[in-house]
Amino acid sequence: MISKEYGKYTLICDICGAGTDDEFDSFQDAIDAREDIGWKSKRVEGEWVDICPDCIE
Ligand SMILES: [Zn+2]
């Protein structure tokens with residue numbers, strides 16, 4: 001998921017709960033950066049989930 005805290009957006013892995021160290025200024029920035037930093041987004045049972053590089057395997 002993309003989480004908003006203190007006005008900044010971060011990515012949180014929906015499988016293991018790990019977050020990125022990176023913070024993004026906007027929701028769109030987080031989406032744009034997601035693939036660049038090795039994360040994937042996929043649809044699971046009708047919901048979009050964000051998956052960190054450790055959980056992609
Ligand atoms: Zn993970």
# chains A, B, ... in the order shown; residues from 1 in each chain; ligands from 1
$ residues_around --residues "Ile12 in chain A" --least-positions-apart "5" --cutoff "7 Å" --atoms "only C-alpha atoms" --output "VMD selection string"
chain A and resid 1 to 3 17 to 20 50
$ residues_near_ligand --ligand "ligand 1" --cutoff "7 Å" --atoms "only C-alpha atoms and all ligand atoms" --output "MDAnalysis selection string"
chainID A and resid 13:18 51:55
$ closest_residue --among "A:Val49, A:Ile37, A:Ala30, A:Ile56" --to "Thr10 in chain A" --atoms "only C-alpha atoms"
A:Ala30
$ select_by_dssp --residues "chain A" --states "alpha helix (DSSP H)" --output "PyMOL selection string"
chain A and resi 27-36+53-56
$ atom_distance --atom1 "CA of Asp21 in chain A" --atom2 "CA of Lys4 in chain A"
13.4 Å
$ select_by_dssp --residues "chain A" --states "strand (DSSP E)" --output "list in words"
Ile2, Ser3, Lys4, Glu5, Lys8, Tyr9, Thr10, Leu11, Lys40, Ser41, Lys42, Arg43, Val44, Glu47, Trp48, Val49, Asp50 and Ile51 of chain A
$ residues_around --residues "Lys8 in chain A" --least-positions-apart "6" --cutoff "6 Å" --atoms "only C-alpha atoms" --output "number ranges by chain"
A: 23-25
$ decode --residues "range 24-40 of chain A" --atoms "all heavy atoms" --output "mmCIF file, in the first residue's frame"
data_model
loop_
_atom_site.group_PDB
_atom_site.id
_atom_site.type_symbol
_atom_site.label_atom_id
_atom_site.label_comp_id
_atom_site.auth_asym_id
_atom_site.auth_seq_id
_atom_site.Cartn_x
_atom_site.Cartn_y
_atom_site.Cartn_z
ATOM 1 N N PHE A 24 8.138 10.175 -0.411
ATOM 2 C CA PHE A 24 7.779 10.848 -1.652
ATOM 3 C C PHE A 24 6.813 11.993 -1.358
ATOM 4 O O PHE A 24 6.000 11.907 -0.445
ATOM 5 C CB PHE A 24 7.159 9.837 -2.613
ATOM 6 C CG PHE A 24 8.030 8.621 -2.789
ATOM 7 C CD1 PHE A 24 7.728 7.439 -2.125
ATOM 8 C CD2 PHE A 24 9.169 8.675 -3.564
ATOM 9 C CE1 PHE A 24 8.554 6.321 -2.253
ATOM 10 C CE2 PHE A 24 9.999 7.569 -3.697
ATOM 11 C CZ PHE A 24 9.687 6.388 -3.044
ATOM 12 N N ASP A 25 6.941 13.029 -2.168
ATOM 13 C CA ASP A 25 6.135 14.220 -1.931
ATOM 14 C C ASP A 25 4.685 14.062 -2.371
ATOM 15 O O ASP A 25 3.814 14.772 -1.890
ATOM 16 C CB ASP A 25 6.746 15.427 -2.661
ATOM 17 C CG ASP A 25 8.071 15.822 -2.038
ATOM 18 O OD1 ASP A 25 8.226 15.627 -0.816
ATOM 19 O OD2 ASP A 25 8.942 16.324 -2.770
ATOM 20 N N SER A 26 4.458 13.143 -3.292
ATOM 21 C CA SER A 26 3.084 12.961 -3.754
ATOM 22 C C SER A 26 2.809 11.482 -4.005
ATOM 23 O O SER A 26 3.741 10.674 -4.163
ATOM 24 C CB SER A 26 2.829 13.759 -5.036
ATOM 25 O OG SER A 26 3.488 13.137 -6.115
ATOM 26 N N PHE A 27 1.543 11.164 -4.047
ATOM 27 C CA PHE A 27 1.111 9.806 -4.363
ATOM 28 C C PHE A 27 1.691 9.375 -5.708
ATOM 29 O O PHE A 27 2.203 8.268 -5.859
ATOM 30 C CB PHE A 27 -0.427 9.821 -4.412
ATOM 31 C CG PHE A 27 -1.058 8.471 -4.430
ATOM 32 C CD1 PHE A 27 -1.309 7.787 -3.236
ATOM 33 C CD2 PHE A 27 -1.438 7.897 -5.623
ATOM 34 C CE1 PHE A 27 -1.912 6.542 -3.262
ATOM 35 C CE2 PHE A 27 -2.050 6.641 -5.650
ATOM 36 C CZ PHE A 27 -2.280 5.967 -4.466
ATOM 37 N N GLN A 28 1.633 10.273 -6.681
ATOM 38 C CA GLN A 28 2.133 9.952 -8.020
ATOM 39 C C GLN A 28 3.641 9.685 -7.994
ATOM 40 O O GLN A 28 4.126 8.786 -8.676
ATOM 41 C CB GLN A 28 1.791 11.074 -8.998
ATOM 42 C CG GLN A 28 2.099 10.717 -10.451
ATOM 43 C CD GLN A 28 1.283 9.521 -10.959
ATOM 44 O OE1 GLN A 28 0.081 9.447 -10.751
ATOM 45 N NE2 GLN A 28 1.939 8.574 -11.596
ATOM 46 N N ASP A 29 4.385 10.467 -7.213
ATOM 47 C CA ASP A 29 5.834 10.234 -7.100
ATOM 48 C C ASP A 29 6.111 8.839 -6.559
ATOM 49 O O ASP A 29 7.040 8.156 -6.992
ATOM 50 C CB ASP A 29 6.483 11.254 -6.159
ATOM 51 C CG ASP A 29 6.675 12.609 -6.813
ATOM 52 O OD1 ASP A 29 6.469 12.724 -8.034
ATOM 53 O OD2 ASP A 29 7.032 13.562 -6.087
ATOM 54 N N ALA A 30 5.308 8.423 -5.598
ATOM 55 C CA ALA A 30 5.496 7.090 -5.015
ATOM 56 C C ALA A 30 5.230 6.013 -6.064
ATOM 57 O O ALA A 30 5.963 5.029 -6.160
ATOM 58 C CB ALA A 30 4.573 6.903 -3.809
ATOM 59 N N ILE A 31 4.199 6.202 -6.851
ATOM 60 C CA ILE A 31 3.883 5.244 -7.918
ATOM 61 C C ILE A 31 5.005 5.214 -8.951
ATOM 62 O O ILE A 31 5.440 4.143 -9.384
ATOM 63 C CB ILE A 31 2.534 5.606 -8.573
ATOM 64 C CG1 ILE A 31 1.403 5.329 -7.581
ATOM 65 C CG2 ILE A 31 2.329 4.817 -9.871
ATOM 66 C CD1 ILE A 31 0.059 5.870 -8.025
ATOM 67 N N ASP A 32 5.477 6.396 -9.338
ATOM 68 C CA ASP A 32 6.533 6.468 -10.352
ATOM 69 C C ASP A 32 7.815 5.802 -9.864
ATOM 70 O O ASP A 32 8.536 5.170 -10.633
ATOM 71 C CB ASP A 32 6.833 7.926 -10.711
ATOM 72 C CG ASP A 32 5.692 8.562 -11.492
ATOM 73 O OD1 ASP A 32 4.822 7.833 -12.002
ATOM 74 O OD2 ASP A 32 5.681 9.797 -11.594
ATOM 75 N N ALA A 33 8.113 5.950 -8.577
ATOM 76 C CA ALA A 33 9.359 5.410 -8.030
ATOM 77 C C ALA A 33 9.266 3.914 -7.761
ATOM 78 O O ALA A 33 10.282 3.229 -7.705
ATOM 79 C CB ALA A 33 9.712 6.132 -6.726
ATOM 80 N N ARG A 34 8.055 3.426 -7.618
ATOM 81 C CA ARG A 34 7.862 2.053 -7.151
ATOM 82 C C ARG A 34 8.645 1.028 -7.979
ATOM 83 O O ARG A 34 9.373 0.218 -7.428
ATOM 84 C CB ARG A 34 6.362 1.739 -7.185
ATOM 85 C CG ARG A 34 6.014 0.385 -6.634
ATOM 86 C CD ARG A 34 4.523 0.262 -6.390
ATOM 87 N NE ARG A 34 3.773 0.579 -7.580
ATOM 88 C CZ ARG A 34 2.490 0.981 -7.578
ATOM 89 N NH1 ARG A 34 1.841 1.095 -6.451
ATOM 90 N NH2 ARG A 34 1.883 1.264 -8.685
ATOM 91 N N GLU A 35 8.490 1.099 -9.300
ATOM 92 C CA GLU A 35 9.194 0.113 -10.129
ATOM 93 C C GLU A 35 10.690 0.365 -10.162
ATOM 94 O O GLU A 35 11.468 -0.573 -10.233
ATOM 95 C CB GLU A 35 8.612 0.101 -11.538
ATOM 96 C CG GLU A 35 7.171 -0.368 -11.493
ATOM 97 C CD GLU A 35 6.766 -1.184 -12.716
ATOM 98 O OE1 GLU A 35 7.537 -1.198 -13.689
ATOM 99 O OE2 GLU A 35 5.699 -1.794 -12.674
ATOM 100 N N ASP A 36 11.064 1.644 -10.092
ATOM 101 C CA ASP A 36 12.493 1.982 -10.121
ATOM 102 C C ASP A 36 13.240 1.359 -8.948
ATOM 103 O O ASP A 36 14.415 1.041 -9.050
ATOM 104 C CB ASP A 36 12.692 3.505 -10.065
ATOM 105 C CG ASP A 36 12.225 4.193 -11.340
ATOM 106 O OD1 ASP A 36 12.028 3.492 -12.351
ATOM 107 O OD2 ASP A 36 12.065 5.419 -11.312
ATOM 108 N N ILE A 37 12.578 1.237 -7.805
ATOM 109 C CA ILE A 37 13.261 0.691 -6.624
ATOM 110 C C ILE A 37 12.955 -0.785 -6.421
ATOM 111 O O ILE A 37 13.216 -1.344 -5.373
ATOM 112 C CB ILE A 37 12.940 1.512 -5.357
ATOM 113 C CG1 ILE A 37 11.437 1.518 -5.049
ATOM 114 C CG2 ILE A 37 13.471 2.939 -5.493
ATOM 115 C CD1 ILE A 37 11.087 2.215 -3.728
ATOM 116 N N GLY A 38 12.372 -1.411 -7.456
ATOM 117 C CA GLY A 38 12.246 -2.865 -7.446
ATOM 118 C C GLY A 38 10.961 -3.403 -6.849
ATOM 119 O O GLY A 38 10.825 -4.607 -6.661
ATOM 120 N N TRP A 39 10.023 -2.516 -6.536
ATOM 121 C CA TRP A 39 8.744 -2.979 -6.005
ATOM 122 C C TRP A 39 7.802 -3.292 -7.149
ATOM 123 O O TRP A 39 7.961 -2.800 -8.255
ATOM 124 C CB TRP A 39 8.124 -1.902 -5.104
ATOM 125 C CG TRP A 39 8.806 -1.756 -3.786
ATOM 126 C CD1 TRP A 39 10.132 -1.553 -3.572
ATOM 127 C CD2 TRP A 39 8.192 -1.789 -2.505
ATOM 128 N NE1 TRP A 39 10.383 -1.471 -2.225
ATOM 129 C CE2 TRP A 39 9.203 -1.600 -1.547
ATOM 130 C CE3 TRP A 39 6.867 -1.955 -2.067
ATOM 131 C CZ2 TRP A 39 8.943 -1.581 -0.186
ATOM 132 C CZ3 TRP A 39 6.606 -1.925 -0.701
ATOM 133 C CH2 TRP A 39 7.636 -1.750 0.222
ATOM 134 N N LYS A 40 6.800 -4.111 -6.828
ATOM 135 C CA LYS A 40 5.784 -4.438 -7.818
ATOM 136 C C LYS A 40 4.403 -4.190 -7.222
ATOM 137 O O LYS A 40 4.197 -4.301 -6.015
ATOM 138 C CB LYS A 40 5.862 -5.930 -8.188
ATOM 139 C CG LYS A 40 7.064 -6.277 -9.015
ATOM 140 C CD LYS A 40 6.688 -6.341 -10.484
ATOM 141 C CE LYS A 40 7.835 -6.812 -11.360
ATOM 142 N NZ LYS A 40 8.655 -5.727 -11.845
#
